[in-house]
Structures are given as structure tokens and as C-alpha cells.
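So this one's structure.csv, CSV, C-alpha atoms:
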chain,number,residue,atom,x,y,z
A,980,MET,CA,-86.7,-71.8,82.1
A,981,SER,CA,-87.1,-74.9,84.3
A,982,THR,CA,-86.9,-78.3,82.7
A,983,PRO,CA,-90.4,-79.9,83.1
A,984,ASP,CA,-89.1,-82.8,85.1
A,985,PHE,CA,-87.1,-80.8,87.6
A,986,ALA,CA,-87.9,-81.4,91.3
A,987,LEU,CA,-86.1,-80.0,94.3
A,988,ASP,CA,-84.3,-82.7,96.3
A,989,PRO,CA,-86.4,-83.4,99.4
A,990,ARG,CA,-83.4,-83.0,101.7
A,991,LEU,CA,-82.5,-79.6,100.3
A,992,GLU,CA,-86.1,-78.6,100.6
A,993,HIS,CA,-86.2,-79.7,104.2
A,994,ASP,CA,-83.0,-77.8,105.2
A,995,THR,CA,-83.7,-74.6,103.4
A,996,ARG,CA,-86.3,-71.8,102.9
A,997,PRO,CA,-87.2,-70.2,99.6
A,998,VAL,CA,-85.8,-66.7,98.8
A,999,ALA,CA,-86.0,-66.1,95.1
A,1000,GLU,CA,-86.4,-67.6,91.7
A,1001,LEU,CA,-83.6,-66.4,89.4
A,1002,PRO,CA,-83.6,-67.2,85.6
A,1003,LEU,CA,-81.7,-70.5,86.2
A,1004,CYS,CA,-81.6,-71.2,89.9
A,1005,SER,CA,-83.9,-71.4,92.9
A,1006,VAL,CA,-82.2,-69.5,95.6
A,1007,ARG,CA,-82.8,-70.8,99.1
A,1008,LEU,CA,-81.6,-69.8,102.6
A,1009,MET,CA,-80.1,-72.5,104.8
A,1010,ASP,CA,-82.3,-72.7,107.8
A,1011,ASP,CA,-79.4,-72.1,110.2
A,1012,LEU,CA,-79.1,-68.8,111.9
A,1013,ARG,CA,-75.4,-69.4,112.7
A,1014,PHE,CA,-74.5,-68.5,109.1
A,1015,ARG,CA,-75.9,-66.3,106.4
A,1016,TRP,CA,-75.9,-69.1,103.8
A,1017,LEU,CA,-77.5,-69.3,100.4
A,1018,ILE,CA,-77.9,-72.3,98.2
A,1019,LEU,CA,-78.5,-72.1,94.4
A,1020,VAL,CA,-80.2,-75.0,92.7
A,1021,PRO,CA,-80.3,-74.9,88.9
A,1022,ARG,CA,-83.9,-75.9,87.8
A,1023,ARG,CA,-82.6,-78.6,85.5
A,1024,ALA,CA,-83.4,-82.3,85.8
A,1025,ASN,CA,-80.7,-84.9,86.3
A,1026,VAL,CA,-77.8,-82.5,86.8
A,1027,VAL,CA,-75.1,-83.7,89.3
A,1028,GLU,CA,-71.8,-82.1,88.1
A,1029,ILE,CA,-71.4,-78.6,86.8
A,1030,ALA,CA,-70.2,-80.2,83.6
A,1031,ASP,CA,-73.7,-81.7,83.2
A,1032,LEU,CA,-75.0,-78.2,82.6
A,1033,ALA,CA,-75.1,-76.8,79.0
A,1034,GLU,CA,-72.5,-74.1,78.5
A,1035,ALA,CA,-75.0,-71.2,78.5
A,1036,ASP,CA,-76.4,-72.5,81.8
A,1037,ARG,CA,-73.0,-72.8,83.3
A,1038,ALA,CA,-72.3,-69.1,82.5
A,1039,GLN,CA,-75.7,-68.2,83.9
A,1040,LEU,CA,-75.0,-70.2,87.1
A,1041,TRP,CA,-71.8,-68.2,87.8
A,1042,ARG,CA,-73.6,-64.9,87.1
A,1043,GLU,CA,-76.3,-65.9,89.6
A,1044,VAL,CA,-73.6,-67.0,92.1
A,1045,ASP,CA,-72.0,-63.5,91.8
A,1046,GLN,CA,-75.5,-62.0,92.3
A,1047,CYS,CA,-76.1,-64.0,95.5
A,1048,ALA,CA,-72.6,-63.2,96.8
A,1049,ALA,CA,-73.3,-59.4,96.3
A,1050,ALA,CA,-76.6,-59.8,98.0
A,1051,LEU,CA,-75.0,-61.4,101.1
A,1052,ARG,CA,-72.3,-58.8,101.2
A,1053,GLY,CA,-74.9,-56.0,100.8
A,1054,THR,CA,-77.1,-57.2,103.7
A,1055,GLY,CA,-74.8,-57.9,106.6
A,1056,PRO,CA,-71.3,-58.3,107.8
A,1057,CYS,CA,-68.9,-60.7,105.9
A,1058,THR,CA,-65.3,-61.4,106.6
A,1059,LYS,CA,-65.0,-63.8,103.6
A,1060,LEU,CA,-67.3,-65.3,101.2
A,1061,ASN,CA,-67.2,-69.1,100.9
A,1062,LEU,CA,-68.3,-70.8,97.8
A,1063,GLY,CA,-68.8,-74.6,97.4
A,1064,ALA,CA,-70.2,-77.3,95.3
A,1065,LEU,CA,-69.8,-80.6,97.0
A,1066,GLY,CA,-72.8,-83.0,96.5
A,1067,ASN,CA,-71.3,-85.9,98.4
A,1068,VAL,CA,-74.5,-86.3,100.3
A,1069,VAL,CA,-77.2,-84.7,98.1
A,1070,SER,CA,-76.2,-85.4,94.5
A,1071,GLN,CA,-78.6,-82.8,92.9
A,1072,LEU,CA,-76.3,-80.0,91.8
A,1073,HIS,CA,-76.4,-77.1,94.3
A,1074,VAL,CA,-73.9,-74.3,95.0
A,1075,HIS,CA,-73.4,-72.9,98.4
A,1076,VAL,CA,-72.6,-69.2,98.9
A,1077,VAL,CA,-71.9,-68.4,102.6
A,1078,ALA,CA,-71.0,-65.1,104.2
A,1079,ARG,CA,-68.4,-66.1,106.8
A,1080,MET,CA,-67.6,-64.1,109.9
A,1081,GLU,CA,-64.3,-64.4,111.7
A,1082,GLY,CA,-65.2,-66.2,115.0
A,1083,ASP,CA,-68.4,-67.9,113.7
A,1084,THR,CA,-69.1,-71.4,114.9
A,1085,ALA,CA,-67.0,-73.1,112.2
A,1086,TRP,CA,-64.3,-70.5,111.6
A,1087,PRO,CA,-61.8,-70.9,110.0
A,1088,GLY,CA,-63.0,-74.3,108.9
A,1089,PRO,CA,-65.7,-75.0,106.3
A,1090,VAL,CA,-69.4,-74.9,107.3
A,1091,TRP,CA,-70.2,-78.2,105.6
A,1092,GLY,CA,-70.6,-81.0,108.0
A,1093,VAL,CA,-70.8,-78.8,111.1
A,1094,ALA,CA,-73.4,-80.2,113.5
A,1095,GLY,CA,-75.9,-78.3,115.5
A,1096,ARG,CA,-78.1,-76.4,113.0
A,1097,LEU,CA,-80.1,-73.7,114.7
A,1098,ALA,CA,-83.4,-73.0,112.9
A,1099,TYR,CA,-84.6,-69.4,112.5
A,1100,ALA,CA,-87.4,-67.9,114.5
A,1101,PRO,CA,-90.1,-66.8,112.0
A,1102,SER,CA,-89.5,-63.1,112.5
A,1103,LEU,CA,-85.7,-63.3,111.8
A,1104,LEU,CA,-86.3,-65.6,108.9
A,1105,LYS,CA,-88.8,-63.1,107.4
A,1106,GLN,CA,-86.4,-60.2,108.0
A,1107,ARG,CA,-83.4,-61.9,106.4
A,1108,THR,CA,-85.4,-63.3,103.5
A,1109,GLU,CA,-86.9,-59.9,102.6
A,1110,ALA,CA,-83.5,-58.2,102.8
A,1111,LEU,CA,-82.0,-60.7,100.5
A,1112,GLN,CA,-85.0,-60.5,98.1
A,1113,LYS,CA,-84.6,-56.8,97.9
A,1114,ALA,CA,-80.8,-57.1,97.3
A,1115,LEU,CA,-81.3,-59.7,94.6
A,1116,ALA,CA,-84.0,-57.6,92.9
A,1117,GLY,CA,-81.9,-54.4,93.0
B,99,MET,CA,-51.3,-62.6,81.3
B,100,SER,CA,-50.0,-62.2,84.9
B,101,THR,CA,-50.1,-58.9,86.6
B,102,PRO,CA,-46.5,-57.9,87.3
B,103,ASP,CA,-46.9,-57.7,91.0
B,104,PHE,CA,-48.5,-61.1,91.4
B,105,ALA,CA,-46.8,-63.5,93.8
B,106,LEU,CA,-48.0,-66.9,94.9
B,107,ASP,CA,-48.9,-67.0,98.6
B,108,PRO,CA,-46.1,-68.8,100.5
B,109,ARG,CA,-48.5,-71.1,102.3
B,110,LEU,CA,-50.1,-72.2,99.0
B,111,GLU,CA,-46.6,-72.6,97.5
B,112,HIS,CA,-45.6,-74.8,100.5
B,113,ASP,CA,-48.6,-77.1,100.4
B,114,THR,CA,-48.8,-77.7,96.6
B,115,ARG,CA,-46.7,-78.7,93.6
B,116,PRO,CA,-46.8,-77.0,90.2
B,117,VAL,CA,-48.7,-78.7,87.4
B,118,ALA,CA,-49.5,-76.2,84.6
B,119,GLU,CA,-49.8,-72.5,83.7
B,120,LEU,CA,-53.1,-71.9,82.1
B,121,PRO,CA,-53.9,-68.5,80.6
B,122,LEU,CA,-55.2,-67.1,83.9
B,123,CYS,CA,-54.4,-69.5,86.6
B,124,SER,CA,-51.4,-71.4,88.0
B,125,VAL,CA,-52.6,-74.9,88.5
B,126,ARG,CA,-51.1,-76.8,91.4
B,127,LEU,CA,-51.5,-80.2,92.9
B,128,MET,CA,-52.1,-80.4,96.7
B,129,ASP,CA,-49.2,-82.4,98.1
B,130,ASP,CA,-51.5,-84.9,99.8
B,131,LEU,CA,-51.8,-88.3,98.2
B,132,ARG,CA,-55.1,-89.0,100.0
B,133,PHE,CA,-57.0,-86.9,97.5
B,134,ARG,CA,-56.6,-86.0,93.8
B,135,TRP,CA,-56.8,-82.3,94.5
B,136,LEU,CA,-56.0,-79.3,92.3
B,137,ILE,CA,-55.8,-75.7,93.2
B,138,LEU,CA,-56.2,-72.9,90.7
B,139,VAL,CA,-54.6,-69.5,91.5
B,140,PRO,CA,-55.4,-66.6,89.2
B,141,ARG,CA,-52.2,-64.7,88.5
B,142,ARG,CA,-53.6,-61.4,89.5
B,143,ALA,CA,-52.3,-59.3,92.4
B,144,ASN,CA,-54.5,-58.3,95.4
B,145,VAL,CA,-57.5,-60.5,94.5
B,146,VAL,CA,-59.3,-62.0,97.4
B,147,GLU,CA,-63.0,-62.5,96.4
B,148,ILE,CA,-64.1,-63.7,93.0
B,149,ALA,CA,-65.9,-60.4,92.6
B,150,ASP,CA,-62.4,-58.7,92.7
B,151,LEU,CA,-61.7,-60.3,89.3
B,152,ALA,CA,-62.6,-58.4,86.1
B,153,GLU,CA,-65.6,-60.0,84.3
B,154,ALA,CA,-63.5,-61.5,81.6
B,155,ASP,CA,-61.1,-63.0,84.1
B,156,ARG,CA,-64.1,-64.5,86.0
B,157,ALA,CA,-65.4,-66.2,82.9
B,158,GLN,CA,-61.9,-67.5,82.2
B,159,LEU,CA,-61.6,-68.8,85.8
B,160,TRP,CA,-64.7,-70.9,85.4
B,161,ARG,CA,-63.5,-72.2,82.0
B,162,GLU,CA,-60.2,-73.2,83.6
B,163,VAL,CA,-62.0,-74.8,86.6
B,164,ASP,CA,-64.0,-76.9,84.0
B,165,GLN,CA,-60.8,-77.9,82.4
B,166,CYS,CA,-59.2,-79.0,85.7
B,167,ALA,CA,-62.4,-80.9,86.6
B,168,ALA,CA,-62.3,-82.7,83.2
B,169,ALA,CA,-58.6,-83.5,83.7
B,170,LEU,CA,-59.2,-85.0,87.2
B,171,ARG,CA,-62.1,-87.1,85.9
B,172,GLY,CA,-60.0,-88.2,82.9
B,173,THR,CA,-57.0,-89.4,84.9
B,174,GLY,CA,-58.5,-91.5,87.7
B,175,PRO,CA,-61.6,-92.6,89.6
B,176,CYS,CA,-64.0,-90.0,90.9
B,177,THR,CA,-67.3,-90.5,92.7
B,178,LYS,CA,-68.0,-86.7,92.9
B,179,LEU,CA,-66.1,-83.6,92.1
B,180,ASN,CA,-65.9,-81.0,94.9
B,181,LEU,CA,-65.4,-77.4,94.1
B,182,GLY,CA,-64.6,-74.8,96.7
B,183,ALA,CA,-63.3,-71.2,97.2
B,184,LEU,CA,-63.0,-70.5,100.9
B,185,GLY,CA,-60.0,-68.3,101.7
B,186,ASN,CA,-60.6,-68.2,105.4
B,187,VAL,CA,-56.9,-69.0,106.1
B,188,VAL,CA,-55.1,-68.0,102.9
B,189,SER,CA,-56.8,-64.9,101.5
B,190,GLN,CA,-55.2,-65.0,98.1
B,191,LEU,CA,-58.0,-66.1,95.7
B,192,HIS,CA,-57.7,-69.8,95.0
B,193,VAL,CA,-60.2,-72.4,93.8
B,194,HIS,CA,-60.1,-76.0,94.9
B,195,VAL,CA,-61.2,-78.8,92.5
B,196,VAL,CA,-61.1,-82.2,94.2
B,197,ALA,CA,-61.9,-85.7,92.8
B,198,ARG,CA,-63.6,-87.3,95.8
B,199,MET,CA,-64.0,-91.1,96.2
B,200,GLU,CA,-66.7,-92.7,98.3
B,201,GLY,CA,-64.8,-93.9,101.4
B,202,ASP,CA,-61.9,-91.5,101.1
B,203,THR,CA,-60.4,-90.2,104.4
B,204,ALA,CA,-62.9,-87.3,104.6
B,205,TRP,CA,-65.9,-88.8,102.9
B,206,PRO,CA,-68.7,-87.6,102.8
B,207,GLY,CA,-67.4,-84.4,104.6
B,208,PRO,CA,-65.3,-81.7,103.0
B,209,VAL,CA,-61.5,-82.1,102.5
B,210,TRP,CA,-60.8,-78.7,103.9
B,211,GLY,CA,-59.5,-78.7,107.5
B,212,VAL,CA,-58.9,-82.5,107.5
B,213,ALA,CA,-55.6,-83.1,109.4
B,214,GLY,CA,-52.9,-85.6,108.5
B,215,ARG,CA,-51.6,-84.6,105.1
B,216,LEU,CA,-49.6,-87.4,103.4
B,217,ALA,CA,-47.0,-86.0,101.0
B,218,TYR,CA,-46.4,-87.8,97.7
B,219,ALA,CA,-43.3,-89.9,97.1
B,220,PRO,CA,-41.4,-88.4,94.1
B,221,SER,CA,-42.3,-91.2,91.7
B,222,LEU,CA,-46.1,-90.9,92.3
B,223,LEU,CA,-46.0,-87.1,92.3
B,224,LYS,CA,-44.3,-87.3,88.9
B,225,GLN,CA,-46.8,-89.8,87.5
B,226,ARG,CA,-49.8,-87.9,88.7
B,227,THR,CA,-48.4,-84.5,87.6
B,228,GLU,CA,-47.6,-85.8,84.1
B,229,ALA,CA,-51.0,-87.4,83.7
B,230,LEU,CA,-52.7,-84.2,84.6
B,231,GLN,CA,-50.4,-82.1,82.4
B,232,LYS,CA,-51.3,-84.4,79.4
B,233,ALA,CA,-55.0,-84.1,80.2
B,234,LEU,CA,-54.9,-80.3,80.5
B,235,ALA,CA,-53.0,-80.0,77.3
B,236,GLY,CA,-55.3,-82.3,75.4

Can you turn what I pasted into C-alpha cells?
Amino acid sequence: MSTPDFALDPRLEHDTRPVAELPLCSVRLMDDLRFRWLILVPRRANVVEIADLAEADRAQLWREVDQCAAALRGTGPCTKLNLGALGNVVSQLHVHVVARMEGDTAWPGPVWGVAGRLAYAPSLLKQRTEALQKALAG
Amino acid sequence: MSTPDFALDPRLEHDTRPVAELPLCSVRLMDDLRFRWLILVPRRANVVEIADLAEADRAQLWREVDQCAAALRGTGPCTKLNLGALGNVVSQLHVHVVARMEGDTAWPGPVWGVAGRLAYAPSLLKQRTEALQKALAG
């Protein structure tokens, strides 16, 4: 279902790790253990705003966002889900779904723009990724 | 289409001004002239997460978000739309749609949590509200 000329933005690729390929989106985990934070990237070329997606893709995007939100809630604690589509720095359309915890580093502010990313150790990355994969497949 | 026991959160009411009543959401303008910033509040009681909405309401929410995004783009300059549903401070479900401009007060960071709100003068508030109402009705 990818458009042939789709390529993941190098900055998104650098900051995140692969989790799953849903029908429309690549789902990736932000490589920052301070937050349980997924990013969905529709595999469509030249899409910046949500309005750039065809209507069927838009409906599918929100279904996949719901699916990722459920996976985050099902695999760990979550005071409040945060959803965002900004794109001020990386213009390729991507949607953030973040399981926020009261008292986390950025609470109650947004996670975007918070400095001091803490990359996962390989074992925790594997554990979180596999739990999310299982939840997304279930 | 409101549930009878819906009431707008007092903090949202305080910070925003009414623009339009769409089939699902009350659309309100953030009373901060630094950003062209709409907030959509589904008129449903006890809804915190998007997953708390019935499926038909969820689809309607995203249609109304698209409509607000188009109204913002149609009534002024916009480098990038920003979309967010956080709810860390005010738990009543509300979705932000913001027309960001390169170089605005918060650029390229998010608008949420930025201090120094600048309330509209009545004439500019009226002008912006009427332009948005016309765009939403069109």
C-alpha cells in the first residue's frame, strides 16, 4: 500500500526505531526511554498536511492512531494519551501518540521540544518493541 | 446532538471565545492573538480520551477537525498546521488546530505551555471570528 516513491525522512529514521508496518503507516518507537512514544508515518510520498491524504487514507490513519493508542495503554501505565501532528521541523507527515505519566520529565507540558533524549539500552528496546508488536497484532 | 449533561470545562471557557457549533463540536478561538488557534470540544459528557467517543463520533470529530483546518488555511497565512489532543491540564476532550507561522512566538516548538497570552481587542476578535464563521459555513 506504499506509494513507490515514499522514503522515510532521515531525521525521523534517526530518532526512532521500527515497530510495525500497518496497512497505511510505518509505526516507530521514539528512541527516548523517558516516554512511551509512538510515531506513525503514512507511507505516501509528498504528504505534509493531513489534508494532503486521500479521504480513505485519512480514515485509515485515524484507525491506526486508535490502534497505537490502545497498544500503548495495553502495555504500560498511562495517565493521559497525547496526540500530535506538528511538522514544524520535519515536514513529512507524522503523527505522535504518547502515553504520558503524571510526573514524567515534561509533565504537564508537551513532549515536543523537550531536550535530553535518553536512548534505550538494547534489552529494554527489544522488550518494549515486542510488547507493542504483540499488542498491535492482537 | 449534545448529550444532556455536557458542560464546557470552565478553564476552556475562560481561555477561549465561541466561534461555531458544528454537529459534534463546539468550535472556539483561543483568546491569544499571537496564534490563529481553534479548539474543538465534542459536546459529549465524561469524554477524556478519543477512545471514549463512539466510533461514529470519532469519525465526525476528524471531519470537523479537517473543516477547522481548512477554515484556518482559508482565512490567513499558515506555514504549517499543528494538531494536538493533550488534556494533561484540562481533561475534558478537546482538540487543538493551530495555524503556525514560521517565526511566530513559539516557532518551531509547540504552542502548548507557552506563557504570555495576549488577549484580542474586541474589533480584531470580531473580525477573526466572523471570517472563521464564514469559512466554516462555506

- Message: Residues of chain A within 7 Å of chain B, counting only C-alpha atoms, what are they? List them as a list in words.
- Response: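 Applying the cut-off to the listed atoms yields Asp1045, Lys1059, Leu1060, Asn1061, Leu1062, Gly1063, Ala1064, Leu1065, Asn1067, Val1068, Pro1087, Gly1088, Pro1089, Trp1091 and Gly1092 of chain A.
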
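Of note, atom CA of B:Thr203 and atom CA of B:Leu110 are spaced 21.4 Å apart.
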
- Pick out the residues sitting within 6 Å of stretch 994-997 of chain A, and hand them over as a PyMOL selection string; count only C-alpha atoms, and ignore anything fewer than 5 positions along from it in its own chain. chain A and resi 1007-1010

- Task: Between atom CA of A:Arg1107 and atom CA of A:Phe985, measure the distance and give it in Å to one decimal.
- Result: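 These two atoms are separated by 26.9 Å.
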
- Message: Need the shell around B:Leu131: protein/DNA/RNA residues with any atom at most 10 Å away, counting all atoms listed in the file. Skip same-chain ones fewer than 6 positions apart. Format as JSON, numbers by chain?
- Response: {"B": [215, 216, 217, 218, 219, 222, 223, 226]}

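You will find atom CA of A:Thr982 at 25.5 Å from atom CA of A:Trp1016.
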
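If you count only C-alpha atoms and ignore residues fewer than 3 places along the chain from A:Ala1050, what sits within 8 Å of it is Gln1046, Cys1047, Gly1053, Thr1054, Leu1111, Ala1114 and Leu1115 of chain A.
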
- Task: Determine the nearest neighbour of A:Asp1036 from the options A:Gly1095, A:Asp1083, A:Gln1106, A:Ser981, counting only C-alpha atoms.
- Result: A:Ser981

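Across A:Leu987, A:Phe1014, A:Val998, A:Leu1003, the tightest approach to A:Ala1085 is made by A:Phe1014 when counting all atoms listed in the file.
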
- Query: For A:Pro1002, which residue out of A:Val1069, A:Val1044, A:Ala1110, A:Ala986 is the nearest one, using only C-alpha atoms?
  - Reply: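 Ranking A:Val1069, A:Val1044, A:Ala1110, A:Ala986 by distance to A:Pro1002, first place goes to A:Val1044.
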